[in-house]
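A.B. asks: The file below is data32.cif, mmCIF, C-alpha atoms:
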data_structure
loop_
_atom_site.group_PDB
_atom_site.id
_atom_site.type_symbol
_atom_site.label_atom_id
_atom_site.label_comp_id
_atom_site.auth_asym_id
_atom_site.auth_seq_id
_atom_site.Cartn_x
_atom_site.Cartn_y
_atom_site.Cartn_z
ATOM 1 C CA MET A 1402 -44.649 -75.782 -97.909
ATOM 2 C CA GLU A 1403 -42.654 -72.742 -99.036
ATOM 3 C CA THR A 1404 -42.581 -72.273 -102.811
ATOM 4 C CA LEU A 1405 -39.190 -71.230 -104.146
ATOM 5 C CA THR A 1406 -38.896 -68.476 -106.705
ATOM 6 C CA LYS A 1407 -37.319 -69.811 -109.867
ATOM 7 C CA ILE A 1408 -34.422 -67.478 -110.570
ATOM 8 C CA THR A 1409 -32.252 -69.528 -112.911
ATOM 9 C CA ASP A 1410 -33.103 -71.186 -116.190
ATOM 10 C CA ARG A 1411 -30.912 -74.251 -115.664
ATOM 11 C CA ALA A 1412 -31.229 -75.351 -119.286
ATOM 12 C CA ALA A 1413 -29.999 -71.955 -120.498
ATOM 13 C CA LEU A 1414 -27.199 -71.993 -117.932
ATOM 14 C CA SER A 1415 -26.089 -75.431 -119.147
ATOM 15 C CA ARG A 1416 -26.077 -74.187 -122.756
ATOM 16 C CA ASN A 1417 -24.052 -71.123 -121.793
ATOM 17 C CA ARG A 1418 -21.485 -73.259 -120.007
ATOM 18 C CA ALA A 1419 -21.259 -75.783 -122.835
ATOM 19 C CA ARG A 1420 -20.470 -72.983 -125.306
ATOM 20 C CA ALA A 1421 -17.931 -71.484 -122.922
ATOM 21 C CA ARG A 1422 -15.997 -74.742 -122.582
ATOM 22 C CA LYS A 1423 -14.923 -74.506 -126.232
ATOM 23 C CA ARG A 1424 -12.713 -71.462 -125.552
ATOM 24 C CA PRO A 1425 -13.155 -70.670 -121.866
ATOM 25 C CA VAL A 1426 -12.052 -67.584 -119.955
ATOM 26 C CA THR A 1427 -10.979 -69.016 -116.620
ATOM 27 C CA PHE A 1428 -9.333 -66.308 -114.525
ATOM 28 C CA LEU A 1429 -12.186 -66.206 -111.968
ATOM 29 C CA HIS A 1430 -11.970 -69.955 -111.392
ATOM 30 C CA GLU A 1431 -8.186 -69.715 -111.163
ATOM 31 C CA ALA A 1432 -8.371 -66.952 -108.558
ATOM 32 C CA ALA A 1433 -11.035 -68.843 -106.623
ATOM 33 C CA ARG A 1434 -9.016 -72.056 -106.674
ATOM 34 C CA ALA A 1435 -5.816 -70.321 -105.528
ATOM 35 C CA ASP A 1436 -7.648 -68.826 -102.559
ATOM 36 C CA LEU A 1437 -9.212 -72.138 -101.548
ATOM 37 C CA GLU A 1438 -5.875 -73.926 -101.867
ATOM 38 C CA ASP A 1439 -4.369 -71.429 -99.416
ATOM 39 C CA ARG A 1440 -7.207 -72.043 -96.975
ATOM 40 C CA LEU A 1441 -6.919 -75.812 -97.226
ATOM 41 C CA ALA A 1442 -3.173 -75.574 -96.585
ATOM 42 C CA MET A 1443 -3.942 -73.906 -93.241
ATOM 43 C CA VAL A 1444 -6.242 -76.717 -92.118
ATOM 44 C CA ASN A 1445 -4.217 -79.202 -90.101
ATOM 45 C CA ARG A 1446 -5.980 -82.262 -91.422
ATOM 46 C CA GLU A 1447 -5.601 -84.856 -94.157
ATOM 47 C CA PHE A 1448 -8.826 -85.370 -96.073
ATOM 48 C CA THR A 1449 -9.450 -88.878 -97.329
ATOM 49 C CA ALA A 1450 -12.906 -88.600 -98.908
ATOM 50 C CA PRO A 1451 -13.340 -85.194 -100.564
ATOM 51 C CA ALA A 1452 -16.003 -84.076 -103.034
ATOM 52 C CA VAL A 1453 -15.911 -81.087 -105.387
ATOM 53 C CA ILE A 1454 -19.011 -79.507 -106.945
ATOM 54 C CA SER A 1455 -18.131 -77.382 -109.970
ATOM 55 C CA PRO A 1456 -19.479 -76.550 -113.435
ATOM 56 C CA MET A 1457 -15.912 -76.747 -114.784
ATOM 57 C CA PRO A 1458 -14.397 -79.865 -113.209
ATOM 58 C CA ASP A 1459 -11.253 -79.771 -115.353
ATOM 59 C CA LEU A 1460 -10.241 -76.509 -113.671
ATOM 60 C CA TRP A 1461 -10.655 -78.017 -110.208
ATOM 61 C CA GLN A 1462 -8.828 -81.305 -110.741
ATOM 62 C CA GLY A 1463 -6.235 -81.930 -108.037
ATOM 63 C CA ILE A 1464 -7.417 -79.373 -105.505
ATOM 64 C CA ALA A 1465 -8.161 -82.289 -103.181
ATOM 65 C CA PRO A 1466 -6.404 -85.549 -104.120
ATOM 66 C CA GLY A 1467 -8.831 -88.352 -104.851
ATOM 67 C CA ALA A 1468 -11.828 -86.026 -104.895
ATOM 68 C CA ARG A 1469 -15.130 -87.121 -106.358
ATOM 69 C CA HIS A 1470 -16.359 -84.491 -108.826
ATOM 70 C CA VAL A 1471 -20.082 -83.772 -108.731
ATOM 71 C CA ALA A 1472 -22.052 -81.848 -111.350
ATOM 72 C CA PRO A 1473 -24.098 -78.865 -110.142
ATOM 73 C CA ALA A 1474 -27.804 -79.653 -109.832
ATOM 74 C CA GLU A 1475 -30.776 -78.807 -107.663
ATOM 75 C CA THR A 1476 -30.361 -82.231 -106.065
ATOM 76 C CA LEU A 1477 -26.673 -83.012 -105.692
ATOM 77 C CA GLU A 1478 -25.381 -86.556 -106.139
ATOM 78 C CA LEU A 1479 -23.911 -86.712 -102.646
ATOM 79 C CA ALA A 1480 -24.458 -89.613 -100.287
ATOM 80 C CA GLU A 1481 -25.196 -88.800 -96.660
ATOM 81 C CA GLY A 1482 -22.117 -88.908 -94.441
ATOM 82 C CA ALA A 1483 -19.845 -89.981 -97.294
ATOM 83 C CA HIS A 1484 -17.267 -87.172 -97.236
ATOM 84 C CA ASP A 1485 -14.899 -85.410 -94.871
ATOM 85 C CA LEU A 1486 -14.490 -82.423 -97.212
ATOM 86 C CA VAL A 1487 -16.994 -80.817 -99.599
ATOM 87 C CA ILE A 1488 -16.022 -77.933 -101.895
ATOM 88 C CA HIS A 1489 -18.782 -76.016 -103.691
ATOM 89 C CA ALA A 1490 -16.940 -74.102 -106.420
ATOM 90 C CA MET A 1491 -18.352 -71.216 -108.448
ATOM 91 C CA ASP A 1492 -21.952 -72.369 -108.839
ATOM 92 C CA LEU A 1493 -23.794 -71.433 -105.653
ATOM 93 C CA HIS A 1494 -24.624 -67.920 -106.907
ATOM 94 C CA TRP A 1495 -26.870 -69.527 -109.563
ATOM 95 C CA ALA A 1496 -28.832 -71.658 -107.079
ATOM 96 C CA ASP A 1497 -32.561 -71.020 -106.666
ATOM 97 C CA ASP A 1498 -32.281 -72.542 -103.192
ATOM 98 C CA PRO A 1499 -28.820 -71.805 -101.757
ATOM 99 C CA VAL A 1500 -29.839 -72.963 -98.278
ATOM 100 C CA GLY A 1501 -30.953 -76.273 -99.766
ATOM 101 C CA GLN A 1502 -27.570 -76.624 -101.455
ATOM 102 C CA LEU A 1503 -25.774 -75.950 -98.180
ATOM 103 C CA VAL A 1504 -27.965 -78.407 -96.286
ATOM 104 C CA GLN A 1505 -27.204 -81.111 -98.845
ATOM 105 C CA CYS A 1506 -23.478 -80.438 -98.436
ATOM 106 C CA ARG A 1507 -23.705 -80.568 -94.641
ATOM 107 C CA ARG A 1508 -25.581 -83.870 -94.749
ATOM 108 C CA ALA A 1509 -22.935 -85.286 -97.075
ATOM 109 C CA LEU A 1510 -20.243 -84.543 -94.501
ATOM 110 C CA ARG A 1511 -19.139 -86.838 -91.730
ATOM 111 C CA PRO A 1512 -19.127 -85.333 -88.218
ATOM 112 C CA ASP A 1513 -16.459 -82.623 -88.049
ATOM 113 C CA GLY A 1514 -16.174 -82.623 -91.850
ATOM 114 C CA PHE A 1515 -15.085 -79.393 -93.507
ATOM 115 C CA PHE A 1516 -17.084 -77.322 -96.017
ATOM 116 C CA LEU A 1517 -15.705 -74.698 -98.392
ATOM 117 C CA ALA A 1518 -17.651 -72.688 -100.952
ATOM 118 C CA VAL A 1519 -16.658 -69.882 -103.282
ATOM 119 C CA LEU A 1520 -19.173 -67.891 -105.284
ATOM 120 C CA ALA A 1521 -19.775 -64.508 -106.869
ATOM 121 C CA GLY A 1522 -20.881 -61.886 -104.346
ATOM 122 C CA GLY A 1523 -23.164 -58.876 -104.472
ATOM 123 C CA GLN A 1524 -20.580 -56.330 -105.671
ATOM 124 C CA THR A 1525 -19.869 -58.371 -108.791
ATOM 125 C CA LEU A 1526 -20.563 -56.444 -112.005
ATOM 126 C CA HIS A 1527 -22.243 -53.567 -110.188
ATOM 127 C CA GLU A 1528 -20.905 -51.268 -112.917
ATOM 128 C CA LEU A 1529 -22.531 -53.271 -115.701
ATOM 129 C CA ARG A 1530 -25.807 -53.537 -113.805
ATOM 130 C CA ALA A 1531 -25.960 -49.744 -113.415
ATOM 131 C CA ALA A 1532 -25.106 -48.999 -117.052
ATOM 132 C CA LEU A 1533 -27.560 -51.511 -118.501
ATOM 133 C CA GLY A 1534 -30.315 -50.395 -116.166
ATOM 134 C CA GLN A 1535 -29.953 -46.740 -117.083
ATOM 135 C CA ALA A 1536 -29.680 -47.464 -120.809
ATOM 136 C CA GLU A 1537 -32.766 -49.651 -120.867
ATOM 137 C CA THR A 1538 -34.783 -47.186 -118.799
ATOM 138 C CA GLU A 1539 -33.905 -44.400 -121.195
ATOM 139 C CA ALA A 1540 -34.802 -46.490 -124.258
ATOM 140 C CA THR A 1541 -37.905 -48.332 -123.079
ATOM 141 C CA GLY A 1542 -39.031 -46.745 -119.819
ATOM 142 C CA GLY A 1543 -38.616 -50.055 -117.954
ATOM 143 C CA LEU A 1544 -36.151 -52.663 -116.745
ATOM 144 C CA SER A 1545 -35.668 -56.346 -117.500
ATOM 145 C CA PRO A 1546 -33.481 -58.821 -115.587
ATOM 146 C CA ARG A 1547 -30.003 -58.832 -117.110
ATOM 147 C CA VAL A 1548 -27.457 -59.372 -114.313
ATOM 148 C CA LEU A 1549 -27.884 -62.133 -111.763
ATOM 149 C CA PRO A 1550 -28.836 -60.821 -108.277
ATOM 150 C CA MET A 1551 -26.008 -62.016 -106.040
ATOM 151 C CA GLY A 1552 -25.977 -62.249 -102.259
ATOM 152 C CA GLU A 1553 -24.263 -59.874 -99.859
ATOM 153 C CA ILE A 1554 -21.626 -61.329 -97.580
ATOM 154 C CA ARG A 1555 -23.637 -60.846 -94.362
ATOM 155 C CA ASP A 1556 -26.645 -62.641 -95.817
ATOM 156 C CA LEU A 1557 -24.509 -65.463 -97.197
ATOM 157 C CA GLY A 1558 -22.869 -65.982 -93.810
ATOM 158 C CA ALA A 1559 -26.311 -66.271 -92.223
ATOM 159 C CA LEU A 1560 -27.182 -69.029 -94.694
ATOM 160 C CA LEU A 1561 -24.401 -71.185 -93.226
ATOM 161 C CA GLN A 1562 -26.046 -70.943 -89.814
ATOM 162 C CA ARG A 1563 -29.471 -71.719 -91.263
ATOM 163 C CA ALA A 1564 -28.015 -74.807 -92.912
ATOM 164 C CA GLY A 1565 -26.724 -76.084 -89.573
ATOM 165 C CA PHE A 1566 -22.965 -75.601 -89.956
ATOM 166 C CA ALA A 1567 -20.801 -75.142 -86.898
ATOM 167 C CA LEU A 1568 -18.163 -72.387 -86.694
ATOM 168 C CA PRO A 1569 -19.447 -70.594 -89.829
ATOM 169 C CA VAL A 1570 -17.294 -67.905 -91.438
ATOM 170 C CA ALA A 1571 -17.909 -65.742 -94.510
ATOM 171 C CA ASP A 1572 -15.411 -63.367 -96.063
ATOM 172 C CA SER A 1573 -14.688 -61.977 -99.496
ATOM 173 C CA PHE A 1574 -12.108 -60.482 -101.786
ATOM 174 C CA ALA A 1575 -12.502 -58.379 -104.914
ATOM 175 C CA LEU A 1576 -10.814 -58.572 -108.293
ATOM 176 C CA LYS A 1577 -10.670 -55.624 -110.662
ATOM 177 C CA ALA A 1578 -10.402 -56.315 -114.387
ATOM 178 C CA SER A 1579 -10.112 -53.833 -117.241
ATOM 179 C CA TYR A 1580 -11.440 -54.078 -120.780
ATOM 180 C CA PRO A 1581 -11.272 -51.978 -123.940
ATOM 181 C CA SER A 1582 -15.030 -51.405 -123.594
ATOM 182 C CA ALA A 1583 -18.193 -52.726 -121.965
ATOM 183 C CA LEU A 1584 -18.836 -54.707 -125.147
ATOM 184 C CA HIS A 1585 -15.596 -56.618 -124.588
ATOM 185 C CA LEU A 1586 -16.669 -57.320 -120.999
ATOM 186 C CA MET A 1587 -20.020 -58.720 -122.182
ATOM 187 C CA ARG A 1588 -18.269 -61.012 -124.667
ATOM 188 C CA GLU A 1589 -15.917 -62.237 -121.945
ATOM 189 C CA LEU A 1590 -18.817 -63.003 -119.617
ATOM 190 C CA ARG A 1591 -20.205 -65.313 -122.304
ATOM 191 C CA ALA A 1592 -16.793 -66.982 -122.553
ATOM 192 C CA MET A 1593 -16.902 -67.556 -118.782
ATOM 193 C CA GLY A 1594 -20.292 -69.265 -119.058
ATOM 194 C CA GLU A 1595 -21.728 -66.437 -116.950
ATOM 195 C CA GLY A 1596 -24.061 -64.898 -119.511
ATOM 196 C CA ASN A 1597 -27.679 -64.101 -118.745
ATOM 197 C CA ALA A 1598 -29.493 -67.299 -117.762
ATOM 198 C CA LEU A 1599 -32.178 -65.719 -115.621
ATOM 199 C CA GLU A 1600 -35.609 -67.316 -115.829
ATOM 200 C CA ALA A 1601 -37.266 -63.883 -116.184
ATOM 201 C CA ARG A 1602 -34.868 -62.584 -118.842
ATOM 202 C CA LEU A 1603 -36.078 -61.181 -122.155
ATOM 203 C CA ARG A 1604 -36.464 -63.986 -124.689
ATOM 204 C CA ARG A 1605 -35.488 -61.768 -127.621
ATOM 205 C CA PRO A 1606 -32.180 -60.076 -128.494
ATOM 206 C CA THR A 1607 -31.505 -56.783 -126.761
ATOM 207 C CA GLY A 1608 -31.786 -53.823 -129.117
ATOM 208 C CA ARG A 1609 -28.582 -52.381 -130.516
ATOM 209 C CA LYS A 1610 -29.567 -48.949 -129.201
ATOM 210 C CA VAL A 1611 -29.675 -50.206 -125.593
ATOM 211 C CA ILE A 1612 -26.344 -52.033 -125.845
ATOM 212 C CA LEU A 1613 -24.478 -49.112 -127.394
ATOM 213 C CA ARG A 1614 -25.973 -46.648 -124.912
ATOM 214 C CA ALA A 1615 -24.986 -48.944 -122.030
ATOM 215 C CA ALA A 1616 -21.414 -49.079 -123.354
ATOM 216 C CA GLU A 1617 -21.379 -45.269 -123.571
ATOM 217 C CA LEU A 1618 -22.688 -44.857 -120.015
ATOM 218 C CA TYR A 1619 -20.257 -47.467 -118.727
ATOM 219 C CA SER A 1620 -17.303 -45.639 -120.247
ATOM 220 C CA GLU A 1621 -18.456 -42.310 -118.828
ATOM 221 C CA ALA A 1622 -18.880 -43.637 -115.287
ATOM 222 C CA PHE A 1623 -16.174 -46.286 -115.047
ATOM 223 C CA GLY A 1624 -13.628 -45.377 -117.690
ATOM 224 C CA THR A 1625 -9.904 -45.078 -116.996
ATOM 225 C CA SER A 1626 -7.395 -42.491 -118.142
ATOM 226 C CA GLU A 1627 -6.052 -45.096 -120.591
ATOM 227 C CA GLY A 1628 -9.400 -45.295 -122.382
ATOM 228 C CA ARG A 1629 -10.440 -48.636 -120.875
ATOM 229 C CA VAL A 1630 -13.224 -49.567 -118.450
ATOM 230 C CA THR A 1631 -13.051 -51.449 -115.159
ATOM 231 C CA ALA A 1632 -15.234 -54.267 -113.831
ATOM 232 C CA THR A 1633 -15.519 -55.614 -110.297
ATOM 233 C CA PHE A 1634 -15.722 -59.305 -109.442
ATOM 234 C CA GLU A 1635 -16.353 -60.056 -105.762
ATOM 235 C CA LEU A 1636 -15.681 -63.610 -104.638
ATOM 236 C CA VAL A 1637 -17.270 -64.691 -101.358
ATOM 237 C CA VAL A 1638 -15.791 -67.639 -99.476
ATOM 238 C CA LEU A 1639 -17.911 -69.611 -97.010
ATOM 239 C CA THR A 1640 -16.444 -72.070 -94.512
ATOM 240 C CA GLY A 1641 -18.086 -74.265 -91.920
ATOM 241 C CA TRP A 1642 -17.887 -77.610 -90.184
ATOM 242 C CA ALA A 1643 -20.356 -80.417 -89.809
ATOM 243 C CA PRO A 1644 -21.342 -80.467 -86.122
ATOM 244 C CA ALA A 1645 -19.472 -82.869 -83.846
ATOM 245 C CA ALA A 1646 -19.501 -83.445 -80.091
ATOM 246 C CA ASP A 1647 -15.822 -82.581 -79.555
ATOM 247 C CA GLN A 1648 -15.744 -79.285 -81.493
ATOM 248 C CA PRO A 1649 -14.811 -76.056 -79.686
ATOM 249 C CA ARG A 1650 -17.791 -73.928 -78.758
ATOM 250 C CA PRO A 1651 -18.018 -70.222 -77.906
ATOM 251 C CA LEU A 1652 -18.315 -69.433 -74.213
ATOM 252 C CA ARG A 1653 -21.618 -68.292 -72.811
ATOM 253 C CA PRO A 1654 -21.728 -64.463 -72.489
ATOM 254 C CA GLY A 1655 -20.701 -63.417 -68.983
ATOM 255 C CA SER A 1656 -18.928 -66.707 -68.193
ATOM 256 C CA ALA A 1657 -15.353 -65.382 -68.446
ATOM 257 C CA ASN A 1658 -13.288 -65.606 -65.239
ATOM 258 C CA ALA A 1659 -10.633 -63.042 -66.273
ATOM 259 C CA ARG A 1660 -10.804 -59.451 -67.468
ATOM 260 C CA LEU A 1661 -9.442 -58.473 -70.892
ATOM 261 C CA ALA A 1662 -8.170 -55.203 -69.423
ATOM 262 C CA ASP A 1663 -5.995 -57.154 -66.932
ATOM 263 C CA ALA A 1664 -4.531 -59.287 -69.713
ATOM 264 C CA LEU A 1665 -3.683 -56.176 -71.735
ATOM 265 C CA GLY A 1666 -2.352 -54.285 -68.711
ATOM 266 C CA THR A 1667 -4.683 -51.356 -69.231
ATOM 267 C CA THR A 1668 -7.480 -49.573 -67.415
ATOM 268 C CA GLU A 1669 -11.058 -50.529 -68.190
ATOM 269 C CA THR A 1670 -13.349 -47.620 -69.099
ATOM 270 C CA LYS A 1671 -16.963 -48.355 -68.361
ATOM 271 C CA LEU A 1672 -19.558 -47.166 -70.844
ATOM 272 C CA ARG A 1673 -22.724 -45.422 -69.816
ATOM 273 C CA ASP A 1674 -25.917 -47.508 -69.851
#
Take the structure in this file and express it as structure tokens.
C.D. replies:
Amino acid sequence: METLTKITDRAALSRNRARARKRPVTFLHEAARADLEDRLAMVNREFTAPAVISPMPDLWQGIAPGARHVAPAETLELAEGAHDLVIHAMDLHWADDPVGQLVQCRRALRPDGFFLAVLAGGQTLHELRAALGQAETEATGGLSPRVLPMGEIRDLGALLQRAGFALPVADSFALKASYPSALHLMRELRAMGEGNALEARLRRPTGRKVILRAAELYSEAFGTSEGRVTATFELVVLTGWAPAADQPRPLRPGSANARLADALGTTETKLRD
């Protein structure tokens, strides 16, 4: 049996999120929800048994009328075949076993049920990762885990196929935010509940020298003409369907009975072997 690497300290993540709920910064969830609402509006179907998995259920109320809200966990409280829509909202990037999460969601869907997930992607906070890494290397000669390693869109799309979804699609969009300094960004990440909850993180406070040097490097590399700094947040959206007998399927290569060039009214140019 394959042994999973423990990436996330779930207890620390829960504490971070509990603190954040007191005065939360929610713009990432709001942007994610707006995008998913647009996608759901384009699906010509009425969902009668939806489920939403989110660490901040209050922010996702009403996205699917009558939805059952499920707390994030390694084993999700989802009954097999109970839902025609499952939304996994802003938690999958913290999963030690993302394929396992996707498999659980697929099993919870009825045949031809729809799956939507939104999560932070690999370009998220690349500026902060670079600044902290350089600052810590200069100060200590080594690196410690500080920013969650997030998946690239191609890899995340492949996970949908591994989990058994039909018609899988992965795409992304980026948000740019600006802050007075990197220190303000770090404080806002805590208010999002997205602070460092890595299992392998340092268990002592980071030295003031490292933090201030990271802020200096961040400003030098990613500062604006207005004296602020920018941060990237990439949101990846995954969509797929639970397999069903009557779903459309791609044609077998070479089975077409018409030429694309004829349909476009152009001349086909053959490529060399």
A.B. asks: For Ala1474 of chain A, please output as a list in words all residues within 12 Å (counting all atoms listed in the file; exclusion window: fewer than 3 positions along the same chain).
C.D. replies: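 Skipping anything fewer than 3 positions along the chain leaves Thr1409, Asp1410, Arg1411, Ala1412, Leu1414, Ser1415, Ile1454, Ser1455, Pro1456, Val1471, Leu1477, Glu1478, Leu1479, His1489, Asp1492, Leu1493, Trp1495, Ala1496, Asp1497, Asp1498, Pro1499, Gly1501, Gln1502 and Gln1505 of chain A.
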A.B. asks: Find the residues around segment 1613-1625 of chain A up to 7 Å (only C-alpha atoms counted), leave out those fewer than 5 positions away in its own chain, and share them as a ChimeraX atom specification.
C.D. replies: /A:1528-1529,1532-1533,1536,1582-1584,1630-1631
A.B. asks: Taking only residues of segment 1405-1470 of chain A that have an atom at most 12 Å from an atom of segment 1563-1573 of chain A, what is each one's shortest atom pair and its distance in Å to one decimal, using only C-alpha atoms, in chain and number order, as a tab-separated table?
C.D. replies:
residue	atom	partner	partner_atom	distance
A:Ala1433	CA	A:Ser1573	CA	10.5
A:Asp1436	CA	A:Ser1573	CA	10.3
A:Leu1437	CA	A:Ser1573	CA	11.7
A:Arg1440	CA	A:Asp1572	CA	12.0
A.B. asks: Given the file above and the PyMOL selection byres ((chain A and resi 1525) around 10), which residues are selected, and can you give them as a list of chain:residue names?
C.D. replies: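 Selected by the PyMOL selection byres ((chain A and resi 1525) around 10) in this file: A:Ala1521, A:Gly1522, A:Gly1523, A:Gln1524, A:Leu1526, A:His1527, A:Glu1528, A:Leu1529, A:Arg1530, A:Val1548, A:Leu1549, A:Pro1550, A:Met1551, A:Gly1552, A:Ala1575, A:Leu1576, A:Lys1577, A:Ala1632, A:Thr1633, A:Phe1634, A:Glu1635, A:Leu1636.
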A.B. asks: Name the residues that the PyMOL selection byres ((chain A and resi 1480) around 12) picks from the file above, as a ChimeraX atom specification, using the file's chain letters and numbers.
C.D. replies: /A:1450-1452,1469,1471,1476-1479,1481-1485,1487,1505-1511
A.B. asks: Can you measure atom CA of Ile1612 of chain A to atom CA of Leu1586 of chain A for me? One decimal in Å is fine.
C.D. replies: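 So the two atoms, atom CA of Ile1612 of chain A and atom CA of Leu1586 of chain A, lie 12.0 Å apart.
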A.B. asks: Which is closer to Lys1423 of chain A than all the others in A:Glu1475, A:Met1457, A:Trp1642, A:Arg1602, using all atoms listed in the file?
C.D. replies: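 Residue with the minimum atom-to-atom distance to Lys1423 of chain A: A:Met1457.
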A.B. asks: Quick one, how far is atom CA of Gly1534 of chain A from atom CA of Ala1601 of chain A?
C.D. replies: 15.2 Å
A.B. asks: Dig up all the protein and nucleic acid residues within 8 Å of (-12.3, -72.4, -116.5) in the file frame, using all atoms listed in the file, and format them as a VMD selection string.
C.D. replies: chain A and resid 1422 1425 to 1431 1457 1459 to 1460 1593
A.B. asks: Extract segment 1425-1431 of chain A from the structure I just pasted (atoms: all heavy atoms) and return it as a CSV table (one decimal), in the first residue's frame.
C.D. replies:
chain,number,residue,atom,x,y,z
A,1425,PRO,N,-12.5,37.9,9.0
A,1425,PRO,CA,-11.9,37.3,7.9
A,1425,PRO,C,-11.7,38.2,6.7
A,1425,PRO,O,-12.4,39.2,6.5
A,1425,PRO,CB,-13.0,36.2,7.5
A,1425,PRO,CG,-14.2,36.8,8.0
A,1425,PRO,CD,-13.9,37.6,9.3
A,1426,VAL,N,-10.6,37.9,5.9
A,1426,VAL,CA,-10.4,38.5,4.6
A,1426,VAL,C,-10.9,37.5,3.6
A,1426,VAL,O,-10.4,36.4,3.5
A,1426,VAL,CB,-8.9,38.9,4.4
A,1426,VAL,CG1,-8.7,39.3,2.9
A,1426,VAL,CG2,-8.5,40.0,5.3
A,1427,THR,N,-11.9,37.9,2.8
A,1427,THR,CA,-12.7,36.9,2.0
A,1427,THR,C,-12.6,37.1,0.5
A,1427,THR,O,-13.3,36.4,-0.2
A,1427,THR,CB,-14.2,37.0,2.4
A,1427,THR,OG1,-14.7,38.3,2.2
A,1427,THR,CG2,-14.3,36.7,3.9
A,1428,PHE,N,-11.8,38.0,0.0
A,1428,PHE,CA,-11.9,38.3,-1.4
A,1428,PHE,C,-11.5,37.1,-2.3
A,1428,PHE,O,-12.1,37.0,-3.4
A,1428,PHE,CB,-11.0,39.5,-1.8
A,1428,PHE,CG,-9.5,39.3,-1.9
A,1428,PHE,CD1,-8.9,38.9,-3.1
A,1428,PHE,CD2,-8.7,39.5,-0.8
A,1428,PHE,CE1,-7.6,38.6,-3.2
A,1428,PHE,CE2,-7.3,39.2,-0.9
A,1428,PHE,CZ,-6.8,38.8,-2.0
A,1429,LEU,N,-10.7,36.2,-1.9
A,1429,LEU,CA,-10.4,35.0,-2.7
A,1429,LEU,C,-11.6,34.2,-2.8
A,1429,LEU,O,-12.0,33.7,-3.9
A,1429,LEU,CB,-9.2,34.3,-2.1
A,1429,LEU,CG,-7.8,34.7,-2.4
A,1429,LEU,CD1,-6.8,33.8,-1.8
A,1429,LEU,CD2,-7.6,34.9,-3.9
A,1430,HIS,N,-12.3,33.9,-1.7
A,1430,HIS,CA,-13.5,33.1,-1.7
A,1430,HIS,C,-14.6,33.8,-2.6
A,1430,HIS,O,-15.3,33.2,-3.3
A,1430,HIS,CB,-14.1,32.9,-0.3
A,1430,HIS,CG,-13.3,31.9,0.5
A,1430,HIS,ND1,-13.8,30.6,0.6
A,1430,HIS,CD2,-12.1,31.9,1.1
A,1430,HIS,CE1,-12.9,29.9,1.3
A,1430,HIS,NE2,-11.9,30.7,1.7
A,1431,GLU,N,-14.7,35.1,-2.5
A,1431,GLU,CA,-15.7,35.9,-3.3
A,1431,GLU,C,-15.4,35.7,-4.8
A,1431,GLU,O,-16.3,35.5,-5.6
A,1431,GLU,CB,-15.7,37.3,-2.9
A,1431,GLU,CG,-16.3,37.5,-1.4
A,1431,GLU,CD,-16.0,38.9,-0.9
A,1431,GLU,OE1,-15.4,39.7,-1.7
A,1431,GLU,OE2,-16.3,39.2,0.3
